[in-house]
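Next up, work-v5.cif (mmCIF, C-alpha atoms):
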```cif
data_protein
loop_
_atom_site.label_atom_id
_atom_site.label_comp_id
_atom_site.auth_asym_id
_atom_site.auth_seq_id
_atom_site.Cartn_x
_atom_site.Cartn_y
_atom_site.Cartn_z
CA MET T 24 -12.19 -5.10 6.54
CA SER T 25 -13.93 -1.78 6.77
CA GLY T 26 -12.64 1.70 6.08
CA SER T 27 -9.62 2.54 3.99
CA VAL T 28 -6.85 1.34 6.35
CA PRO T 29 -5.29 -1.78 4.74
CA VAL T 30 -4.94 -3.61 8.06
CA PHE T 31 -4.01 -7.00 6.64
CA TRP T 32 -1.56 -5.46 4.16
CA LEU T 33 0.22 -3.60 6.99
CA LEU T 34 0.16 -6.75 9.13
CA ALA T 35 1.56 -8.85 6.27
CA ARG T 36 4.46 -6.45 5.73
CA ALA T 37 5.23 -6.05 9.44
CA SER T 38 5.07 -9.80 10.19
CA GLY T 39 7.29 -10.49 7.18
CA LEU T 40 9.89 -8.00 8.40
CA VAL T 41 9.79 -9.36 11.97
CA ALA T 42 10.08 -12.94 10.68
CA PHE T 43 13.06 -11.97 8.53
CA GLY T 44 14.73 -10.23 11.47
CA LEU T 45 14.20 -13.21 13.79
CA LEU T 46 15.45 -15.71 11.21
CA THR T 47 18.51 -13.57 10.56
CA LEU T 48 19.23 -13.44 14.31
CA SER T 49 18.76 -17.20 14.51
CA VAL T 50 21.23 -17.83 11.66
CA TRP T 51 23.76 -15.46 13.25
CA LEU T 52 23.37 -17.20 16.60
CA GLY T 53 23.64 -20.66 15.06
CA LEU T 54 26.85 -19.73 13.28
CA ALA T 55 28.24 -17.97 16.35
CA MET T 56 27.59 -21.16 18.34
CA SER T 57 29.16 -23.26 15.64
CA THR T 58 32.31 -21.13 15.66
CA ARG T 59 32.19 -20.92 19.49
CA LEU T 60 32.86 -17.19 19.26
CA LEU T 61 30.50 -16.63 22.21
CA GLY T 62 32.42 -19.04 24.42
CA PRO T 63 31.99 -22.78 25.02
CA ARG T 64 30.21 -22.47 28.39
CA ARG T 65 26.91 -20.96 27.32
CA GLN T 66 26.27 -23.36 24.43
CA LYS T 67 23.17 -24.94 26.00
CA ALA T 68 21.48 -21.60 26.72
CA LEU T 69 22.41 -20.26 23.28
CA PHE T 70 21.07 -23.41 21.65
CA GLY T 71 17.79 -22.83 23.50
CA TRP T 72 17.61 -19.26 22.18
CA HIS T 73 18.49 -20.50 18.69
CA GLN T 74 15.46 -22.83 18.74
CA THR T 75 13.16 -20.24 20.32
CA LEU T 76 14.07 -17.66 17.66
CA VAL T 77 13.27 -20.15 14.88
CA TRP T 78 9.87 -21.08 16.34
CA THR T 79 8.98 -17.42 16.99
CA ALA T 80 9.99 -16.59 13.43
CA LEU T 81 7.80 -19.43 12.15
CA ALA T 82 4.86 -18.02 14.13
CA MET T 83 5.48 -14.69 12.37
CA VAL T 84 5.71 -16.50 9.01
CA GLY T 85 2.30 -18.04 9.80
CA LEU T 86 0.87 -14.60 10.58
CA HIS T 87 2.45 -13.27 7.36
CA MET T 88 0.76 -16.02 5.31
CA LEU T 89 -2.60 -15.51 7.02
CA SER T 90 -2.47 -11.73 6.52
CA VAL T 91 -1.59 -12.16 2.85
CA MET T 92 -4.56 -14.52 2.42
CA LEU T 93 -6.94 -12.13 4.19
CA ASP T 94 -5.82 -9.08 2.22
CA PRO T 95 -8.70 -8.18 -0.10
CA VAL T 96 -6.44 -6.83 -2.86
CA LEU T 97 -3.92 -9.65 -3.29
CA HIS T 98 -6.43 -12.51 -3.70
CA PHE T 99 -4.04 -15.15 -2.35
CA GLY T 100 -5.56 -18.52 -1.53
CA PRO T 101 -4.11 -21.23 0.72
CA ALA T 102 -2.46 -22.91 -2.29
CA SER T 103 -0.65 -19.67 -3.22
CA VAL T 104 1.04 -19.43 0.17
CA LEU T 105 1.68 -23.17 0.65
CA VAL T 106 2.65 -24.45 -2.80
CA PRO T 107 5.61 -22.94 -4.69
CA PHE T 108 4.95 -21.33 -8.11
CA VAL T 109 1.16 -21.37 -7.69
CA ALA T 110 0.79 -17.65 -6.90
CA ALA T 111 -0.20 -15.59 -9.92
CA TRP T 112 1.54 -12.46 -8.56
CA LYS T 113 5.37 -12.58 -8.82
CA PRO T 114 5.48 -16.42 -8.74
CA ILE T 115 9.28 -16.73 -8.45
CA GLY T 116 9.61 -14.27 -5.58
CA VAL T 117 6.65 -15.77 -3.72
CA ALA T 118 7.95 -19.32 -4.36
CA ALA T 119 11.28 -18.35 -2.76
CA GLY T 120 9.40 -17.43 0.40
CA VAL T 121 7.23 -20.57 0.30
CA ILE T 122 10.23 -22.91 -0.12
CA ALA T 123 12.15 -21.02 2.59
CA GLY T 124 9.18 -21.40 4.93
CA TRP T 125 8.99 -25.15 4.39
CA LEU T 126 12.76 -25.50 4.83
CA THR T 127 12.62 -23.55 8.08
CA LEU T 128 9.76 -25.70 9.38
CA MET T 129 11.78 -28.81 8.51
CA LEU T 130 14.82 -27.38 10.34
CA ALA T 131 12.72 -26.44 13.40
CA LEU T 132 11.24 -29.94 13.54
CA SER T 133 14.71 -31.43 13.15
CA PHE T 134 15.57 -30.04 16.62
CA LYS T 135 12.92 -32.37 18.03
CA ALA T 136 14.18 -35.31 15.96
CA LYS T 137 17.88 -34.73 16.64
CA ARG T 138 18.23 -37.82 18.84
CA TRP T 139 16.48 -39.97 16.25
CA LEU T 140 18.44 -38.51 13.31
CA GLY T 141 21.84 -38.64 14.95
CA HIS T 142 24.22 -35.69 15.26
CA LYS T 143 25.92 -36.17 11.90
CA ALA T 144 22.69 -36.40 9.88
CA TRP T 145 21.22 -33.50 11.84
CA ARG T 146 24.25 -31.34 11.04
CA MET T 147 24.08 -32.28 7.36
CA LEU T 148 20.40 -31.36 7.37
CA HIS T 149 21.26 -28.08 9.06
CA PHE T 150 23.18 -26.92 5.99
CA ALA T 151 19.72 -26.27 4.50
CA SER T 152 19.57 -23.22 6.77
CA PHE T 153 21.92 -21.41 4.37
CA ALA T 154 19.51 -22.11 1.50
CA ALA T 155 16.55 -21.04 3.64
CA PHE T 156 18.28 -17.78 4.59
CA ALA T 157 19.20 -17.03 0.96
CA LEU T 158 15.64 -17.78 -0.18
CA PHE T 159 14.13 -15.58 2.56
CA LEU T 160 16.46 -12.78 1.53
CA GLY T 161 15.55 -13.29 -2.14
CA HIS T 162 11.86 -13.28 -1.26
CA ALA T 163 12.24 -10.05 0.73
CA LEU T 164 14.16 -8.34 -2.07
CA MET T 165 11.93 -9.56 -4.91
CA VAL T 166 8.47 -9.04 -3.41
CA GLY T 167 9.08 -6.95 -0.28
CA THR T 168 7.39 -3.57 -0.65
CA ASP T 169 9.58 -2.04 2.05
CA LEU T 170 12.91 -3.12 0.58
CA LYS T 171 12.69 -1.23 -2.70
CA GLY T 172 15.43 1.10 -3.88
CA LEU T 173 18.56 1.49 -1.76
CA THR T 174 16.94 -0.04 1.35
CA GLY T 175 17.04 -3.54 -0.16
CA PRO T 176 20.81 -3.78 -0.77
CA VAL T 177 21.55 -2.09 2.58
CA VAL T 178 19.34 -4.55 4.52
CA ALA T 179 20.74 -7.47 2.51
CA ALA T 180 24.31 -6.41 3.32
CA LEU T 181 23.49 -5.93 7.01
CA ALA T 182 21.80 -9.35 7.22
CA ALA T 183 24.12 -11.38 5.00
CA GLY T 184 27.40 -9.71 6.02
CA PRO T 185 27.67 -11.42 9.43
CA VAL T 186 26.49 -14.71 7.87
CA ILE T 187 29.34 -14.63 5.34
CA TRP T 188 31.86 -13.50 7.96
CA LEU T 189 30.81 -16.17 10.48
CA SER T 190 30.75 -18.86 7.77
CA LEU T 191 34.32 -17.97 6.82
CA ALA T 192 35.31 -18.01 10.49
CA ARG T 193 33.63 -21.43 10.84
CA ILE T 194 35.62 -22.80 7.89
CA LEU T 195 38.97 -21.16 8.62
CA LEU T 196 39.18 -21.15 12.43
CA PRO T 197 40.28 -24.36 14.19
CA ARG T 198 37.62 -25.86 16.47
CA THR T 199 39.89 -26.93 19.29
CA ALA T 200 37.51 -25.74 21.99
CA ALA T 201 34.81 -28.13 20.82
CA ARG T 202 36.77 -31.27 21.62
CA PRO T 203 37.85 -32.43 25.07
CA ARG T 204 41.55 -32.30 25.76
CA PRO T 205 43.31 -35.67 25.44
CA ALA T 206 44.31 -35.68 29.10
CA LEU T 207 40.71 -35.13 30.21
CA ALA T 208 39.34 -37.55 27.65
CA ALA T 209 41.71 -40.26 28.80
CA ALA T 210 40.84 -39.66 32.46
CA MET C 8 10.41 -17.96 30.27
CA ARG C 9 12.70 -17.62 27.25
CA ARG C 10 9.75 -18.36 24.92
CA VAL C 11 7.58 -15.78 26.68
CA TRP C 12 10.27 -13.11 26.29
CA ALA C 13 10.70 -13.96 22.61
CA ALA C 14 6.94 -13.87 21.97
CA VAL C 15 6.53 -10.55 23.81
CA ALA C 16 9.49 -8.94 22.01
CA ALA C 17 8.29 -10.18 18.60
CA THR C 18 4.75 -8.91 19.25
CA TRP C 19 6.00 -5.48 20.28
CA ALA C 20 8.24 -5.35 17.22
CA LEU C 21 5.25 -6.27 15.06
CA PHE C 22 3.06 -3.53 16.53
CA ALA C 23 5.87 -0.98 16.26
CA ILE C 24 6.42 -1.76 12.57
CA VAL C 25 2.66 -1.69 11.85
CA ALA C 26 2.48 1.72 13.54
CA VAL C 27 5.46 3.06 11.57
CA LEU C 28 4.07 1.75 8.27
CA ALA C 29 0.59 3.14 8.98
CA TRP C 30 2.03 6.51 10.03
CA SER C 31 4.44 6.81 7.09
CA HIS C 32 1.81 5.95 4.49
CA PRO C 33 -1.52 7.40 5.66
CA PRO C 34 -4.42 5.90 3.71
CA GLN C 35 -6.21 7.98 1.09
CA PRO C 36 -9.77 8.63 2.21
CA ALA C 37 -12.53 7.10 0.11
CA GLY C 38 -13.75 9.42 -2.62
CA GLY C 39 -10.55 11.42 -2.63
CA SER C 40 -11.59 13.91 0.03
CA ALA C 41 -12.60 13.64 3.67
CA GLY C 42 -13.98 17.13 4.07
CA SER C 43 -15.77 19.70 1.94
CA GLN C 44 -13.87 21.41 -0.82
CA VAL C 45 -14.33 24.24 -3.23
CA VAL C 46 -14.08 23.62 -6.98
CA MET C 47 -14.24 26.08 -9.83
CA ILE C 48 -16.75 25.29 -12.57
CA LYS C 49 -17.55 27.11 -15.77
CA GLY C 50 -21.12 28.16 -16.29
CA LYS C 51 -22.94 29.73 -19.21
CA GLY C 52 -20.85 32.13 -21.23
CA GLY C 53 -17.62 30.67 -19.85
CA LYS C 54 -18.03 32.46 -16.55
CA ALA C 55 -16.26 30.61 -13.71
CA HIS C 56 -17.74 30.35 -10.25
CA ALA C 57 -16.88 28.50 -7.08
CA VAL C 58 -19.01 25.59 -5.92
CA LEU C 59 -18.77 23.96 -2.52
CA LEU C 60 -18.65 20.15 -2.69
CA PRO C 61 -19.77 18.25 0.41
CA GLY C 62 -17.39 15.79 2.07
CA GLY C 63 -16.98 12.37 0.46
CA VAL C 64 -17.73 13.61 -3.04
CA ALA C 65 -14.88 13.26 -5.49
CA ALA C 66 -13.76 16.40 -7.23
CA HIS C 67 -13.58 14.46 -10.51
CA THR C 68 -17.25 13.42 -10.34
CA THR C 69 -18.91 13.71 -13.71
CA THR C 70 -21.72 16.15 -14.33
CA HIS C 71 -24.12 13.26 -14.75
CA SER C 72 -23.48 11.79 -11.29
CA SER C 73 -22.58 14.97 -9.49
CA PRO C 74 -24.80 16.01 -6.59
CA VAL C 75 -24.07 19.61 -7.57
CA ARG C 76 -26.69 20.72 -10.05
#
```
Exercise: express the given structure as structure tokens:
Amino acid sequence: MSGSVPVFWLLARASGLVAFGLLTLSVWLGLAMSTRLLGPRRQKALFGWHQTLVWTALAMVGLHMLSVMLDPVLHFGPASVLVPFVAAWKPIGVAAGVIAGWLTLMLALSFKAKRWLGHKAWRMLHFASFAAFALFLGHALMVGTDLKGLTGPVVAALAAGPVIWLSLARILLPRTAARPRPALAAA
Amino acid sequence: MRRVWAAVAATWALFAIVAVLAWSHPPQPAGGSAGSQVVMIKGKGGKAHAVLLPGGVAAHTTTHSSPVR
């Protein structure tokens, strides 16, 4: 890198923010599908978008990791961005991001292995998305340069608010629309 | 097509955020000053006079390394 513009540092921050935004959207969409708040008809298209958002977010996570490694100030090696608690700088905050990244990759791959896993096992595995979201949020708040001060709690509330609300709706609302009516099922 | 739209939107979002970050925190030029500047130095007898420093020379440069003699 030449000059005084910290290109990789700017890229690392921007890709991290975009990845967080995409993952948040993906979690919202997944929960909205689960609660069927968006209607039962468009489930297939929404499921496609849910997967696309996760893979796009993972691409941004990859760019985030690469930018962090190429930044001349941070001195992050491949081990620091791939193995939890290896980074010398803020190891807990960085580890939260590393674990969340691995969890998200596992969840994205689970879409491909859904038939092999079976629906029940796949759904059980999908509960890890809550942990991944919480870890991404923790990572952003602990090490995110752009979420210092009041911005952090505001962004956290905006991202986590719908997740909590939709989770409560998922638990409390009956899922009658998901099952075929007895008359149709018998036919 | 859905993947293309997602990739395009994410890339534009990335560039927009990079632009905002770069604009909101302009980098400090190397040496502390991009252009020439005038500094006041004290000469013999405590008399102060203005000296023009050329661009790229830090105002806190020590006497030993200063290009101003």
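Excluding Val117 in chain T and any residue on its chain fewer than 5 positions from it, the residues at most 8 Å away by all atoms listed in the file are T:Val104, T:Pro107, T:Phe108, T:Ala110, T:Trp112, T:His162, T:Val166.
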I'd like to know which of C:Ala20, C:Gly52, C:Met8, C:Ser31 is closest to chain T, using only C-alpha atoms.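 Counting only C-alpha atoms, the residue closest to chain T is C:Ala20.
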Could you tell me how far CA of Val77 in chain T sits from CA of Ser49 in chain T, in Å to one decimal place? 6.2 Å
Among the residues T:Val30, T:Ala155, T:Leu45, T:Met147, the one that comes closest to Ala29 in chain C [using only C-alpha atoms]: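 For Ala29 in chain C, the nearest of the candidates is T:Val30.
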Using only C-alpha atoms for the distances, tell me which of T:Ser152, T:Gln74, T:Thr127, T:Ser38 is nearest to chain C. T:Ser38
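Between CA of Asp169 in chain T and CA of Leu76 in chain T lies a distance of 22.5 Å.
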Matched chain/residue IDs from the PyMOL selection byres ((chain T) within 8 of (chain C)), as a VMD selection string: chain T and resid 27 to 29 33 to 34 36 to 38 41 72 75 to 76 79
To one decimal place in Å, what is the distance between CA of Leu189 in chain T and CA of Leu164 in chain T? 22.3 Å
From (9.9, -28.7, 19.5), in the file's coordinates, out to 10 Å: which residues are reached, counting all atoms listed in the file? Answer as a PyMOL selection string. chain T and resi 74-75+78+131-136
Which polymer residues have any atom within 12 Å of an atom of Gly100 in chain T, counting only C-alpha atoms, with same-chain residues fewer than 3 positions away left out, as a VMD selection string? chain T and resid 88 to 97 103 to 106 109 to 112
Just to be explicit: take each residue in the selection above, keep C-alpha atoms, and write the result as a PDB file, in the frame of the given file.
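This is the output file result.pdb:
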```
ATOM      1  CA  MET T  88       0.760 -16.020   5.310  1.00  0.00           C
ATOM      2  CA  LEU T  89      -2.600 -15.510   7.020  1.00  0.00           C
ATOM      3  CA  SER T  90      -2.470 -11.730   6.520  1.00  0.00           C
ATOM      4  CA  VAL T  91      -1.590 -12.160   2.850  1.00  0.00           C
ATOM      5  CA  MET T  92      -4.560 -14.520   2.420  1.00  0.00           C
ATOM      6  CA  LEU T  93      -6.940 -12.130   4.190  1.00  0.00           C
ATOM      7  CA  ASP T  94      -5.820  -9.080   2.220  1.00  0.00           C
ATOM      8  CA  PRO T  95      -8.700  -8.180  -0.100  1.00  0.00           C
ATOM      9  CA  VAL T  96      -6.440  -6.830  -2.860  1.00  0.00           C
ATOM     10  CA  LEU T  97      -3.920  -9.650  -3.290  1.00  0.00           C
ATOM     11  CA  SER T 103      -0.650 -19.670  -3.220  1.00  0.00           C
ATOM     12  CA  VAL T 104       1.040 -19.430   0.170  1.00  0.00           C
ATOM     13  CA  LEU T 105       1.680 -23.170   0.650  1.00  0.00           C
ATOM     14  CA  VAL T 106       2.650 -24.450  -2.800  1.00  0.00           C
ATOM     15  CA  VAL T 109       1.160 -21.370  -7.690  1.00  0.00           C
ATOM     16  CA  ALA T 110       0.790 -17.650  -6.900  1.00  0.00           C
ATOM     17  CA  ALA T 111      -0.200 -15.590  -9.920  1.00  0.00           C
ATOM     18  CA  TRP T 112       1.540 -12.460  -8.560  1.00  0.00           C
TER      19      TRP T 112
END
```
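Once the PyMOL selection byres ((chain T and resi 156) around 9) is applied to this file, the selection holds Phe43, Leu46, Thr47, Val50, Ala123, Thr127, Ala151, Ser152, Phe153, Ala154, Ala155, Ala157, Leu158, Phe159, Leu160, Gly161 and Ala183 of chain T.
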For Arg193 in chain T, find every residue with an atom within 9 Å (counting only C-alpha atoms), except residues of its own chain fewer than 3 positions away, and show them as a PDB file with C-alpha atoms, in the coordinates of the input.
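Ended up saving to around.pdb:
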```
ATOM      1  CA  LEU T  54      26.850 -19.730  13.280  1.00  0.00           C
ATOM      2  CA  ALA T  55      28.240 -17.970  16.350  1.00  0.00           C
ATOM      3  CA  SER T  57      29.160 -23.260  15.640  1.00  0.00           C
ATOM      4  CA  THR T  58      32.310 -21.130  15.660  1.00  0.00           C
ATOM      5  CA  ARG T  59      32.190 -20.920  19.490  1.00  0.00           C
ATOM      6  CA  TRP T 188      31.860 -13.500   7.960  1.00  0.00           C
ATOM      7  CA  LEU T 189      30.810 -16.170  10.480  1.00  0.00           C
ATOM      8  CA  SER T 190      30.750 -18.860   7.770  1.00  0.00           C
ATOM      9  CA  LEU T 196      39.180 -21.150  12.430  1.00  0.00           C
ATOM     10  CA  PRO T 197      40.280 -24.360  14.190  1.00  0.00           C
ATOM     11  CA  ARG T 198      37.620 -25.860  16.470  1.00  0.00           C
TER      12      ARG T 198
END
```
Nearby residues (only C-alpha atoms) at most 8 Å from Val84 in chain T, same-chain spacing under 2 positions excluded, as an MDAnalysis selection string: chainID T and resid 38:39 42 80:82 86:88 124
